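Enquirer: Below is one structure. I have some questions about it.
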Amino acid sequence: MGFKCGIVGLPNVGKSTLFNALTQTAAAQAANYPFCTIEPNVGDVAVPDERLDVLAPIAGSKEIIPTRLTFVDIAGLVRGASKGEGLGNQFLANIRECDAIAHVVRCFEDGDITHVEGAINPTADIETIETELMLADLDSLEKRATALEKRAKNNDKEAKELFDLMSRCLVLLREGRPARLVEVKPEERKAFVGLGLLSSKPVLYVCNVEESAAENGNDFSGLVAAHATREGAQAVVVSAKIESEIAVLPQAEQRDYLDAVGLTEPGLNRVIRSGYALLGLITYFTVGPKEARAWTITTGTRAPQAAAVIHSDFEKGFIRAETVAYADYVASRGEAGAREAGKFRLEGKEYIVADGDVLHFRFAN
């Protein structure tokens with residue numbers, strides 16, 4: 001189950017520097033975890049999770065394998081991308097293939113690095129990219145709406161329902177508001193995703209600040225945070241310059257570097273975790289002598305579908321899930337202790353897996 005987060009931004013905002021730091025971090029993990037660069041602009045990175053470091057010693061696991069998230073470095077956008085300016089068509093097509101957007105916003109002054117719009121204005125930068133996405137969506141929906149409306153007027157029930165959904169999206173887009181703000185009924189969710197609207201993607205704003213503002217941000221990042229709050233999005237502060245320097249250091253030296261710049265952890269950890277949360281993802285674990293491993297599922301996933309992430313045969317022949325909550329597993333010092341404490345549970349096909357569950361699946365061959 002792969003989840004992609006596309007990194008977007010105007011030229012010269014630090015987008016590629018951030019992506020390179022992510023991929024360098026992943027490459028440095030290669031001695032311990034599987035890693036490959038799928039394409040030059042795609043990086044597969046581990047999701048930081050301290051719980052694995054706690055579970056592994058309890059289970060005597062020889063190896064730790066974290067769950068992963070894919071980041072895609074998408075070509076820089078320029079005004080007019082929705083009409084094909086610059087690499088507009090490629091940019092829009094790449095976003096369409098992603099599950100969420102990490103929007104890097106320049107929140108630093110530097111006379112040596114020109115800004116494509118001539119001045120540092122993070123709110124205006126956000127509006128530039130949002131506008132291009134919304135214009136592309138507006139064009140796409142308006143082209144489809146006429147034919148669909150005709151079918152709806154001929155009492156095509158499916159067409160009427162889809163036209164109603166599209167009409168609500170069009171109202172928002174014409175008001176200059178992204179499609180992700182439309183109210184979607186649970187039964188419409190599949191159709192909404194099927195529209196493939198660029199502005200419907202959940203957004204994480206990544207505020208790229210100067211080194212001195214890496215911990216608490218600055219006035220520019222404050223503007224971005226306020227914008228994110230207004231639209232129910234998330235924002236994190238990082239210094240791409242610091243992250244690129246941390247990424248190339250040996251693991252043993254990274255802690256000293258972080259202490260020296262006053263950070264408790266790399267900012268990229270926050271980006272990865274926020275991207276994970278943005279996609280509505282949670283983690284469950286399988287542990288044993290061979291490995292302690294994290295697995296990614298979406299919130300609300302039932303046990304058989306969670307098992308399918310490991311292997312499709314697990315879902316087909318699902319019998320039950322032997323389950324211990326993370327806190328109970330740790331407190332009981334493992335499965336045997338959890339059994340004795342009455343914290344070991346047998347769950348069936350309707351069980352909704354919780355974040356942190358330690359699971360063992362039983363299935364029929």
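Every chain in the structure tokens takes a letter, A first, then B, and so on in the order presented; its residues are numbered from 1, and the ligands are numbered from 1 following the presented order.
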Within 9 Å of A:Ala307, counting only C-alpha atoms, which residues show up once you throw out same-chain ones fewer than 4 positions away? Write them as an NGL selection string, please.

Expert: :A and (302-303 or 311-315 or 318 or 321 or 360-361)

Enquirer: Go ahead and write the residues just picked, all heavy atoms, as a CSV table (one decimal), in the first residue's frame.

Expert:
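Once everything was written out, this is selection_5.csv:
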```csv
chain,number,residue,atom,x,y,z
A,302,ARG,N,-10.5,-2.3,8.7
A,302,ARG,CA,-10.9,-3.5,9.5
A,302,ARG,C,-9.8,-4.6,9.4
A,302,ARG,O,-8.9,-4.5,8.5
A,302,ARG,CB,-12.2,-4.1,9.0
A,302,ARG,CG,-13.4,-3.2,9.1
A,302,ARG,CD,-14.7,-3.8,8.7
A,302,ARG,NE,-15.8,-2.8,8.7
A,302,ARG,CZ,-16.4,-2.4,9.8
A,302,ARG,NH1,-16.1,-2.9,11.0
A,302,ARG,NH2,-17.4,-1.4,9.7
A,303,ALA,N,-9.8,-5.5,10.3
A,303,ALA,CA,-8.7,-6.5,10.5
A,303,ALA,C,-8.3,-7.2,9.2
A,303,ALA,O,-7.1,-7.3,8.8
A,303,ALA,CB,-9.0,-7.4,11.6
A,311,HIS,N,0.0,-9.5,3.1
A,311,HIS,CA,-0.1,-10.4,2.0
A,311,HIS,C,-1.6,-10.5,1.7
A,311,HIS,O,-2.4,-10.7,2.6
A,311,HIS,CB,0.5,-11.7,2.3
A,311,HIS,CG,0.8,-12.6,1.0
A,311,HIS,ND1,-0.2,-13.1,0.3
A,311,HIS,CD2,1.9,-12.9,0.4
A,311,HIS,CE1,0.3,-13.8,-0.7
A,311,HIS,NE2,1.6,-13.6,-0.7
A,312,SER,N,-2.0,-10.6,0.4
A,312,SER,CA,-3.4,-10.7,0.0
A,312,SER,C,-4.0,-12.0,0.6
A,312,SER,O,-5.2,-12.1,0.8
A,312,SER,CB,-3.6,-10.6,-1.5
A,312,SER,OG,-2.8,-11.6,-2.1
A,313,ASP,N,-3.2,-13.1,0.7
A,313,ASP,CA,-3.7,-14.3,1.2
A,313,ASP,C,-4.2,-14.2,2.6
A,313,ASP,O,-5.1,-15.0,3.0
A,313,ASP,CB,-2.6,-15.4,1.1
A,313,ASP,CG,-2.3,-15.9,-0.3
A,313,ASP,OD1,-3.1,-15.5,-1.2
A,313,ASP,OD2,-1.3,-16.6,-0.5
A,314,PHE,N,-3.6,-13.3,3.4
A,314,PHE,CA,-4.1,-13.1,4.8
A,314,PHE,C,-5.5,-12.6,4.8
A,314,PHE,O,-6.2,-13.0,5.8
A,314,PHE,CB,-3.1,-12.1,5.5
A,314,PHE,CG,-1.8,-12.6,5.8
A,314,PHE,CD1,-1.2,-13.7,5.2
A,314,PHE,CD2,-1.0,-12.0,6.9
A,314,PHE,CE1,0.0,-14.2,5.6
A,314,PHE,CE2,0.2,-12.5,7.2
A,314,PHE,CZ,0.7,-13.6,6.5
A,315,GLU,N,-5.9,-11.8,3.9
A,315,GLU,CA,-7.3,-11.3,3.9
A,315,GLU,C,-8.2,-12.4,3.4
A,315,GLU,O,-9.3,-12.6,4.0
A,315,GLU,CB,-7.4,-10.1,3.0
A,315,GLU,CG,-8.9,-9.6,2.9
A,315,GLU,CD,-9.0,-8.3,2.0
A,315,GLU,OE1,-8.0,-8.0,1.3
A,315,GLU,OE2,-10.1,-7.7,2.0
A,318,PHE,N,-8.6,-15.0,6.1
A,318,PHE,CA,-8.6,-14.5,7.5
A,318,PHE,C,-9.5,-15.3,8.4
A,318,PHE,O,-10.7,-15.6,8.1
A,318,PHE,CB,-9.1,-13.0,7.4
A,318,PHE,CG,-9.1,-12.3,8.8
A,318,PHE,CD1,-8.0,-11.7,9.3
A,318,PHE,CD2,-10.3,-12.4,9.6
A,318,PHE,CE1,-8.0,-11.1,10.5
A,318,PHE,CE2,-10.3,-11.7,10.8
A,318,PHE,CZ,-9.2,-11.1,11.3
A,321,ALA,N,-7.6,-12.0,14.4
A,321,ALA,CA,-6.4,-11.3,14.7
A,321,ALA,C,-6.2,-11.3,16.2
A,321,ALA,O,-7.0,-11.0,17.0
A,321,ALA,CB,-6.6,-9.8,14.3
A,360,HIS,N,-1.1,-10.3,15.4
A,360,HIS,CA,-0.7,-11.6,14.8
A,360,HIS,C,-1.9,-12.1,14.1
A,360,HIS,O,-2.9,-12.4,14.8
A,360,HIS,CB,-0.1,-12.6,15.8
A,360,HIS,CG,0.3,-13.8,15.2
A,360,HIS,ND1,1.5,-13.9,14.4
A,360,HIS,CD2,-0.2,-15.1,15.1
A,360,HIS,CE1,1.7,-15.2,14.0
A,360,HIS,NE2,0.6,-15.9,14.4
A,361,PHE,N,-1.8,-12.4,12.8
A,361,PHE,CA,-3.0,-12.8,12.0
A,361,PHE,C,-3.0,-14.3,11.9
A,361,PHE,O,-2.0,-14.9,11.5
A,361,PHE,CB,-3.1,-12.2,10.7
A,361,PHE,CG,-3.2,-10.7,10.7
A,361,PHE,CD1,-2.1,-9.8,10.4
A,361,PHE,CD2,-4.4,-10.1,11.0
A,361,PHE,CE1,-2.3,-8.4,10.4
A,361,PHE,CE2,-4.6,-8.7,11.1
A,361,PHE,CZ,-3.5,-7.9,10.8
```

Enquirer: If you run DSSP on this backbone, which residues of stretch 76-215 of chain A come out as strand (DSSP E), and could you give them as a list in words?

Expert: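 Matching residues for strand (DSSP E) in stretch 76-215 of chain A are Ala100, Ile101, Ala102, His103, Val104, Val105, Arg106, Val203, Leu204, Tyr205, Val206, Cys207 and Asn208 of chain A.
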
Enquirer: When you look at A:Ser244 with a cut-off of 10 Å (counting only C-alpha atoms), what residues show up, excluding the ones that are within fewer than 3 positions of it in the same chain? I need them as a PyMOL selection string.

Expert: chain A and resi 17-25+239-241+247-249+268

Enquirer: Store the residues picked out above in a file with C-alpha atoms, as a compact mmCIF listing (two decimals), in the first residue's frame.

Expert:
```txt
# COMPACT_ATOMS: atom_id res chain seq x y z
CA THR A 17 16.75 21.23 -1.14
CA LEU A 18 14.11 19.78 1.18
CA PHE A 19 13.52 16.81 -1.12
CA ASN A 20 17.24 16.13 -1.41
CA ALA A 21 17.54 16.18 2.38
CA LEU A 22 14.70 13.66 2.58
CA THR A 23 16.32 11.31 0.09
CA GLN A 24 19.77 11.68 1.66
CA THR A 25 18.23 10.80 5.01
CA SER A 239 15.04 25.10 7.73
CA ALA A 240 15.87 23.27 4.51
CA LYS A 241 19.47 24.45 4.86
CA ALA A 247 21.22 14.60 6.26
CA VAL A 248 24.84 14.15 5.19
CA LEU A 249 26.23 13.76 8.72
CA LEU A 268 12.12 16.47 8.45
```

Enquirer: Give me, please, the distance in Å between atom CA of A:Gly300 and atom CA of A:Val193, quoted to one decimal.

Expert: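 Answer for the atom CA of A:Gly300 to atom CA of A:Val193 separation: 17.5 Å.
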
Enquirer: Which residues are near stretch 281-290 of chain A? Cut-off 7 Å, only C-alpha atoms, ignore same chain within fewer than 3 positions. Put them as an MDAnalysis selection string.

Expert: chainID A and resid 59:63 276:277 293:299 355:360

Enquirer: Nearest residue to A:Leu69 out of A:Lys153, A:Gly43, A:Ala338, A:Glu183, using only C-alpha atoms?

Expert: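 Nearest to A:Leu69: A:Gly43.
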